[in-house]
Amino acid sequence: MSKLPFVTRRRFMMAAGSAAALGVSSARGQGRLQVNPGESQLPIAIPAFVPGTAADGQVGADIAGVITNNLRRSGLFAPIDPAAFIERITNIDVAPQFQSWKQINAQDLVTGRVTRQGDGRLKAEFRLWDVGTAQQLTGQQYVTSPEYWRRIAHIISDQIYERLTGEKGYFDTRVVFIDESGPSERRVKKLAIMDQDGANVRYLTRGADLVLTPRFSPSTQEITYMEFGQGDPRVYLYNIETGQREIVGNFPGVSFAPRFSPDGQRIIMSLQQGGNANLFVMDLRSKSTTRLTDTPAIDTSPSYAPDGSRICFESDRGGKPQIYVMAAGGGSAQRISFGDGTYSTPVWSPRGDYIAFTKQGNGEFAIGIMKPDGSGERILTSGFHNEGPTFAPNGRVLMFFRDPGGNSGPSLFTVDVSGRNELRVPTPGYASDPAWSPLLS
């Protein structure tokens, strides 16, 4: 296992800064686009970034391509086919010919440039324009090593998304998942990580031992996961930035890897003892463990609210698996799911407004959301076997895996919390158990 290359966002902005407006007043206000995929897609033009030299032409086109793909996959934007462009952008220091962009119905325009610095680093600049008002909405420039061009594209995508929707983006993030290969009866499972769009896949384990249910910390670039070797299942803590791995402990009765507390200082898990299972929380510094539930039922799959005050979890204490909510320190629990079928794998949204879940009934597995008080239940997608929802850090998109069964294997999908814009996420092979990172810092 090797260390993953990582650069902080602050380093990207060293010796850089905002791109100044070109003699026009900057438009005020945010959130011009209603966040409702499929209903109000914003036409936006994203020409290839102007190269400083002929050698930079490909990276300029690639950056524009990643931005285009990110915005299109969000379901909120309708990037215009470059074949329709009338004006050819050759100098981003000159205001665009807005009438040419109005003619092709572009409401917004992204212009950019990439140049090679004397020390070999790549400088990328962009400007976002409101075509109707001929105003620059935002602009920024970044300097980094050439191999990080894709991260520049994700960061720019986030800035465009935030400026036009009023909400934080989610493109400069990563997803850890289980890569699966081989026949179903001898499936090799490796821990893998990739950019949220499926690019830059890297393997964190070699497949010698079975690995399951990775979980991302909501505050740091760390994950927990469960590994089955020769003995009891072990829980590991893995630092993505340093590549260092440490064992949290041996847990004979653990069925899912723990989840982190919002501050990343504790993990919460379910441990089976005899015929029942209860919830425990462990302080990662002291390794001290506190028991939270003590019932003859099976309590499992705990997940913290983003403010750390409450947890949701799955329990069969009422006769069949349902979702419950209780204070993070334990105490009485309130059942919040009452629909037909069974509910499992609850996970709290980073926004705090929803709890996602897997619902099983009538031979189908559905991914749904409900409010923390149980109201407003909504099924987002259903099929033969959908499972394992995980939220993007802005709480607007869910990723999950779907396994059609038979000789096939699982794949990753995303869907918006509105239930629209379901898309498959490209992976090298079969993939399951996704966990979304926070925005890279």
# chains A, B, ... in the order shown; residues from 1 in each chain; ligands from 1
$ closest_atom_pairs --of "range 265-380 of chain A" --to "range 410-428 of chain A" --cutoff "8 Å" --atoms "only C-alpha atoms" --output "JSON lines"
{"residue": "A:Ile369", "atom": "CA", "partner": "A:Val417", "partner_atom": "CA", "distance": 7.7}
{"residue": "A:Ile379", "atom": "CA", "partner": "A:Gly419", "partner_atom": "CA", "distance": 7.3}
{"residue": "A:Leu380", "atom": "CA", "partner": "A:Gly419", "partner_atom": "CA", "distance": 4.2}
$ select_by_dssp --residues "range 187-236 of chain A" --states "strand (DSSP E)" --output "PyMOL selection string"
chain A and resi 188-195+202-203+210-216+222-228+234-236
$ write_last_selection --atoms "N, CA and C atoms" --output "PDB file, in the first residue's frame"
ATOM      1  N   VAL A 188     -12.934 -11.534  -4.797  1.00  0.00           N
ATOM      2  CA  VAL A 188     -11.828 -10.830  -4.145  1.00  0.00           C
ATOM      3  C   VAL A 188     -12.271  -9.398  -3.879  1.00  0.00           C
ATOM      4  N   LYS A 189     -12.140  -8.959  -2.626  1.00  0.00           N
ATOM      5  CA  LYS A 189     -12.597  -7.626  -2.248  1.00  0.00           C
ATOM      6  C   LYS A 189     -11.418  -6.799  -1.750  1.00  0.00           C
ATOM      7  N   LYS A 190     -11.190  -5.668  -2.433  1.00  0.00           N
ATOM      8  CA  LYS A 190     -10.119  -4.749  -2.061  1.00  0.00           C
ATOM      9  C   LYS A 190     -10.711  -3.405  -1.650  1.00  0.00           C
ATOM     10  N   LEU A 191     -10.049  -2.773  -0.711  1.00  0.00           N
ATOM     11  CA  LEU A 191     -10.418  -1.418  -0.340  1.00  0.00           C
ATOM     12  C   LEU A 191      -9.830  -0.460  -1.363  1.00  0.00           C
ATOM     13  N   ALA A 192     -10.673   0.397  -1.935  1.00  0.00           N
ATOM     14  CA  ALA A 192     -10.236   1.303  -2.998  1.00  0.00           C
ATOM     15  C   ALA A 192     -10.768   2.704  -2.734  1.00  0.00           C
ATOM     16  N   ILE A 193     -10.143   3.679  -3.390  1.00  0.00           N
ATOM     17  CA  ILE A 193     -10.575   5.071  -3.275  1.00  0.00           C
ATOM     18  C   ILE A 193     -10.495   5.709  -4.651  1.00  0.00           C
ATOM     19  N   MET A 194     -11.391   6.664  -4.902  1.00  0.00           N
ATOM     20  CA  MET A 194     -11.427   7.327  -6.209  1.00  0.00           C
ATOM     21  C   MET A 194     -11.993   8.729  -6.035  1.00  0.00           C
ATOM     22  N   ASP A 195     -11.820   9.570  -7.053  1.00  0.00           N
ATOM     23  CA  ASP A 195     -12.531  10.843  -7.092  1.00  0.00           C
ATOM     24  C   ASP A 195     -14.023  10.551  -7.199  1.00  0.00           C
ATOM     25  N   ARG A 202      -7.468   4.153  -6.816  1.00  0.00           N
ATOM     26  CA  ARG A 202      -6.262   3.605  -6.188  1.00  0.00           C
ATOM     27  C   ARG A 202      -6.688   2.556  -5.168  1.00  0.00           C
ATOM     28  N   TYR A 203      -5.851   1.558  -4.984  1.00  0.00           N
ATOM     29  CA  TYR A 203      -6.178   0.461  -4.072  1.00  0.00           C
ATOM     30  C   TYR A 203      -5.409   0.614  -2.772  1.00  0.00           C
ATOM     31  N   LEU A 210     -10.503 -10.344   3.504  1.00  0.00           N
ATOM     32  CA  LEU A 210     -11.800  -9.765   3.191  1.00  0.00           C
ATOM     33  C   LEU A 210     -11.952  -8.424   3.902  1.00  0.00           C
ATOM     34  N   VAL A 211     -12.319  -7.386   3.159  1.00  0.00           N
ATOM     35  CA  VAL A 211     -12.558  -6.073   3.758  1.00  0.00           C
ATOM     36  C   VAL A 211     -14.010  -5.662   3.482  1.00  0.00           C
ATOM     37  N   LEU A 212     -14.595  -4.952   4.449  1.00  0.00           N
ATOM     38  CA  LEU A 212     -16.009  -4.583   4.363  1.00  0.00           C
ATOM     39  C   LEU A 212     -16.248  -3.194   4.942  1.00  0.00           C
ATOM     40  N   THR A 213     -17.340  -2.595   4.532  1.00  0.00           N
ATOM     41  CA  THR A 213     -17.977  -1.396   5.097  1.00  0.00           C
ATOM     42  C   THR A 213     -17.015  -0.282   5.511  1.00  0.00           C
ATOM     43  N   PRO A 214     -16.264   0.298   4.587  1.00  0.00           N
ATOM     44  CA  PRO A 214     -15.448   1.457   4.945  1.00  0.00           C
ATOM     45  C   PRO A 214     -16.326   2.652   5.305  1.00  0.00           C
ATOM     46  N   ARG A 215     -15.841   3.497   6.207  1.00  0.00           N
ATOM     47  CA  ARG A 215     -16.565   4.700   6.613  1.00  0.00           C
ATOM     48  C   ARG A 215     -15.589   5.875   6.623  1.00  0.00           C
ATOM     49  N   PHE A 216     -16.009   6.996   6.082  1.00  0.00           N
ATOM     50  CA  PHE A 216     -15.180   8.199   6.068  1.00  0.00           C
ATOM     51  C   PHE A 216     -15.462   9.046   7.297  1.00  0.00           C
ATOM     52  N   GLU A 222      -9.706  10.505   6.993  1.00  0.00           N
ATOM     53  CA  GLU A 222      -9.480   9.210   7.626  1.00  0.00           C
ATOM     54  C   GLU A 222     -10.680   8.316   7.397  1.00  0.00           C
ATOM     55  N   ILE A 223     -10.429   7.021   7.365  1.00  0.00           N
ATOM     56  CA  ILE A 223     -11.508   6.051   7.231  1.00  0.00           C
ATOM     57  C   ILE A 223     -11.341   4.958   8.273  1.00  0.00           C
ATOM     58  N   THR A 224     -12.451   4.318   8.602  1.00  0.00           N
ATOM     59  CA  THR A 224     -12.409   3.051   9.319  1.00  0.00           C
ATOM     60  C   THR A 224     -12.926   1.986   8.357  1.00  0.00           C
ATOM     61  N   TYR A 225     -12.479   0.761   8.566  1.00  0.00           N
ATOM     62  CA  TYR A 225     -13.031  -0.356   7.803  1.00  0.00           C
ATOM     63  C   TYR A 225     -12.815  -1.635   8.605  1.00  0.00           C
ATOM     64  N   MET A 226     -13.511  -2.670   8.197  1.00  0.00           N
ATOM     65  CA  MET A 226     -13.442  -3.949   8.888  1.00  0.00           C
ATOM     66  C   MET A 226     -12.720  -4.957   7.998  1.00  0.00           C
ATOM     67  N   GLU A 227     -11.852  -5.751   8.590  1.00  0.00           N
ATOM     68  CA  GLU A 227     -11.092  -6.738   7.833  1.00  0.00           C
ATOM     69  C   GLU A 227     -11.173  -8.089   8.533  1.00  0.00           C
ATOM     70  N   PHE A 228     -11.465  -9.113   7.738  1.00  0.00           N
ATOM     71  CA  PHE A 228     -11.506 -10.481   8.249  1.00  0.00           C
ATOM     72  C   PHE A 228     -10.245 -11.207   7.779  1.00  0.00           C
ATOM     73  N   ARG A 234     -11.205  -7.437  12.543  1.00  0.00           N
ATOM     74  CA  ARG A 234     -10.480  -6.308  13.108  1.00  0.00           C
ATOM     75  C   ARG A 234     -10.985  -5.018  12.479  1.00  0.00           C
ATOM     76  N   VAL A 235     -10.992  -3.973  13.274  1.00  0.00           N
ATOM     77  CA  VAL A 235     -11.344  -2.647  12.789  1.00  0.00           C
ATOM     78  C   VAL A 235     -10.071  -1.827  12.670  1.00  0.00           C
ATOM     79  N   TYR A 236      -9.869  -1.227  11.489  1.00  0.00           N
ATOM     80  CA  TYR A 236      -8.667  -0.431  11.239  1.00  0.00           C
ATOM     81  C   TYR A 236      -9.040   1.035  11.029  1.00  0.00           C
TER      82      TYR A 236
END
$ closest_residue --among "A:Cys312, A:Val110, A:Ile178, A:Leu237" --to "Gly207 in chain A" --atoms "only C-alpha atoms"
A:Ile178
$ atom_distance --atom1 "CA of Met282 in chain A" --atom2 "CA of Gly330 in chain A"
13.5 Å
$ residues_around --residues "Ala392 in chain A" --least-positions-apart "3" --cutoff "8 Å" --atoms "only C-alpha atoms" --output "list of chain:residue names"
A:Tyr170, A:Pro350, A:Gly395, A:Arg396, A:Val397, A:Leu398, A:Met399, A:Trp436, A:Ser437, A:Pro438
$ write_last_selection --atoms "N, CA and C atoms" --output "PDB file, in the first residue's frame"
ATOM      1  N   TYR A 170     -19.794  19.682  -4.230  1.00  0.00           N
ATOM      2  CA  TYR A 170     -19.350  18.395  -3.693  1.00  0.00           C
ATOM      3  C   TYR A 170     -18.385  17.690  -4.640  1.00  0.00           C
ATOM      4  N   PRO A 350     -25.363  15.205   6.226  1.00  0.00           N
ATOM      5  CA  PRO A 350     -24.489  16.252   6.766  1.00  0.00           C
ATOM      6  C   PRO A 350     -25.215  17.571   7.006  1.00  0.00           C
ATOM      7  N   GLY A 395     -25.051  17.195   1.289  1.00  0.00           N
ATOM      8  CA  GLY A 395     -26.346  16.617   1.614  1.00  0.00           C
ATOM      9  C   GLY A 395     -27.349  16.601   0.480  1.00  0.00           C
ATOM     10  N   ARG A 396     -26.938  16.941  -0.755  1.00  0.00           N
ATOM     11  CA  ARG A 396     -27.866  17.013  -1.865  1.00  0.00           C
ATOM     12  C   ARG A 396     -27.926  15.734  -2.687  1.00  0.00           C
ATOM     13  N   VAL A 397     -26.894  14.898  -2.598  1.00  0.00           N
ATOM     14  CA  VAL A 397     -26.780  13.708  -3.449  1.00  0.00           C
ATOM     15  C   VAL A 397     -26.444  12.500  -2.581  1.00  0.00           C
ATOM     16  N   LEU A 398     -27.004  11.368  -2.936  1.00  0.00           N
ATOM     17  CA  LEU A 398     -26.704  10.103  -2.276  1.00  0.00           C
ATOM     18  C   LEU A 398     -26.000   9.169  -3.248  1.00  0.00           C
ATOM     19  N   MET A 399     -25.047   8.394  -2.740  1.00  0.00           N
ATOM     20  CA  MET A 399     -24.465   7.295  -3.490  1.00  0.00           C
ATOM     21  C   MET A 399     -24.854   6.005  -2.797  1.00  0.00           C
ATOM     22  N   TRP A 436     -18.650   8.499   1.236  1.00  0.00           N
ATOM     23  CA  TRP A 436     -18.246   9.768   0.642  1.00  0.00           C
ATOM     24  C   TRP A 436     -17.412  10.568   1.624  1.00  0.00           C
ATOM     25  N   SER A 437     -16.339  11.185   1.125  1.00  0.00           N
ATOM     26  CA  SER A 437     -15.474  11.996   1.974  1.00  0.00           C
ATOM     27  C   SER A 437     -16.079  13.383   2.192  1.00  0.00           C
ATOM     28  N   PRO A 438     -15.570  14.135   3.190  1.00  0.00           N
ATOM     29  CA  PRO A 438     -15.891  15.556   3.239  1.00  0.00           C
ATOM     30  C   PRO A 438     -15.173  16.279   2.113  1.00  0.00           C
TER      31      PRO A 438
END
$ closest_residue --among "A:Gly275, A:Gly169, A:Ile268, A:Leu137" --to "Gly253 in chain A" --atoms "only C-alpha atoms"
A:Gly275
$ residues_around --residues "range 126-130 of chain A" --least-positions-apart "6" --cutoff "10 Å" --atoms "only C-alpha atoms" --output "short mmCIF file (atom, residue, chain, number, x, y, z; two decimals) with C-alpha atoms, in the first residue's frame"
data_model
loop_
_atom_site.label_atom_id
_atom_site.label_comp_id
_atom_site.auth_asym_id
_atom_site.auth_seq_id
_atom_site.Cartn_x
_atom_site.Cartn_y
_atom_site.Cartn_z
CA SER A 18 -8.95 36.22 -7.20
CA ALA A 19 -9.18 36.98 -10.89
CA ALA A 20 -10.05 40.67 -11.13
CA ALA A 21 -13.21 41.78 -12.88
CA LEU A 22 -12.57 43.20 -16.33
CA SER A 26 -19.45 42.09 -10.26
CA ALA A 27 -22.97 40.78 -9.91
CA ILE A 44 -23.99 27.08 -19.49
CA ALA A 45 -21.09 27.33 -21.97
CA ILE A 46 -17.68 25.97 -20.97
CA PHE A 49 -9.29 26.77 -21.32
CA VAL A 50 -6.98 28.93 -23.40
CA ILE A 92 -9.74 35.75 -21.04
CA ASP A 93 -8.45 39.24 -20.12
CA ALA A 95 -14.63 40.64 -21.97
CA PRO A 96 -16.49 38.06 -24.06
CA PHE A 98 -21.94 38.43 -24.94
CA ALA A 106 -26.18 30.42 -22.84
CA GLN A 107 -27.17 32.00 -19.54
CA ASP A 108 -23.70 31.67 -18.06
CA LEU A 109 -20.21 31.36 -19.51
CA VAL A 110 -16.97 30.00 -18.06
CA THR A 111 -13.69 31.25 -19.53
CA GLY A 112 -10.29 30.01 -18.44
CA ARG A 113 -6.59 29.84 -19.17
CA VAL A 114 -3.77 27.46 -18.29
CA GLN A 136 -18.47 38.71 -13.98
CA LEU A 137 -19.89 36.62 -11.15
CA THR A 138 -16.65 35.24 -9.75
CA GLY A 139 -13.08 34.42 -10.72
CA GLN A 140 -10.06 32.70 -9.24
CA GLN A 141 -6.61 31.46 -10.13
CA TYR A 142 -4.67 28.45 -8.84
CA ILE A 156 -13.54 25.33 -10.08
CA GLN A 159 -17.05 27.47 -7.12
CA ILE A 160 -19.39 27.61 -10.12
CA ARG A 163 -22.08 30.77 -7.03
CA LEU A 164 -25.07 29.74 -9.13
#
$ residues_around --residues "Leu439 in chain A" --least-positions-apart "3" --cutoff "10 Å" --atoms "only C-alpha atoms" --output "list in words"
Arg9, Ile155, Asp158, Lys168, Gly169, Tyr170, Phe171, Asp172, Thr173, Arg174, Pro218, Ser219, Thr220, Gln221, Ala392, Pro393, Asn394 and Trp436 of chain A
$ write_last_selection --atoms "N, CA and C atoms" --output "compact mmCIF listing (two decimals), in the first residue's frame"
# COMPACT_ATOMS: atom_id res chain seq x y z
N ARG A 9 -6.09 22.46 -0.30
CA ARG A 9 -6.63 23.51 -1.15
C ARG A 9 -5.86 24.81 -0.95
N ILE A 155 -12.30 21.85 -8.07
CA ILE A 155 -12.42 23.05 -7.24
C ILE A 155 -13.16 24.15 -7.98
N ASP A 158 -16.80 23.36 -8.07
CA ASP A 158 -17.45 23.70 -6.80
C ASP A 158 -17.75 25.19 -6.72
N LYS A 168 -23.05 24.81 -1.16
CA LYS A 168 -21.71 24.27 -1.34
C LYS A 168 -21.71 23.15 -2.39
N GLY A 169 -20.63 23.07 -3.15
CA GLY A 169 -20.49 21.99 -4.10
C GLY A 169 -19.99 20.71 -3.43
N TYR A 170 -19.79 19.68 -4.23
CA TYR A 170 -19.35 18.39 -3.69
C TYR A 170 -18.39 17.69 -4.64
N PHE A 171 -17.82 18.43 -5.60
CA PHE A 171 -17.01 17.79 -6.64
C PHE A 171 -15.58 17.51 -6.20
N ASP A 172 -15.02 18.34 -5.33
CA ASP A 172 -13.65 18.13 -4.85
C ASP A 172 -13.68 17.19 -3.65
N THR A 173 -14.14 15.98 -3.91
CA THR A 173 -14.29 14.97 -2.87
C THR A 173 -13.85 13.62 -3.41
N ARG A 174 -13.75 12.67 -2.50
CA ARG A 174 -13.39 11.30 -2.89
C ARG A 174 -14.37 10.32 -2.27
N PRO A 218 -16.21 12.52 8.92
CA PRO A 218 -16.81 13.74 8.37
C PRO A 218 -15.94 14.97 8.54
N SER A 219 -14.82 14.86 9.28
CA SER A 219 -14.01 16.03 9.56
C SER A 219 -12.56 15.90 9.10
N THR A 220 -12.10 14.69 8.80
CA THR A 220 -10.71 14.49 8.39
C THR A 220 -10.65 13.50 7.24
N GLN A 221 -9.47 13.37 6.64
CA GLN A 221 -9.28 12.40 5.56
C GLN A 221 -8.83 11.06 6.16
N ALA A 392 -23.29 12.85 -0.08
CA ALA A 392 -22.27 13.84 -0.44
C ALA A 392 -22.19 14.86 0.69
N PRO A 393 -21.06 15.54 0.86
CA PRO A 393 -20.91 16.44 2.00
C PRO A 393 -21.87 17.62 2.02
N ASN A 394 -22.49 17.96 0.88
CA ASN A 394 -23.47 19.04 0.91
C ASN A 394 -24.89 18.52 1.15
N TRP A 436 -18.65 8.50 1.24
CA TRP A 436 -18.25 9.77 0.64
C TRP A 436 -17.41 10.57 1.62
$ select_by_dssp --residues "range 122-235 of chain A" --states "helix (DSSP H, G or I)" --output "list in words"
Pro146, Glu147, Tyr148, Trp149, Arg150, Arg151, Ile152, Ala153, His154, Ile155, Ile156, Ser157, Asp158, Gln159, Ile160, Tyr161, Glu162, Arg163, Leu164, Thr165, Ser184, Glu185 and Arg186 of chain A
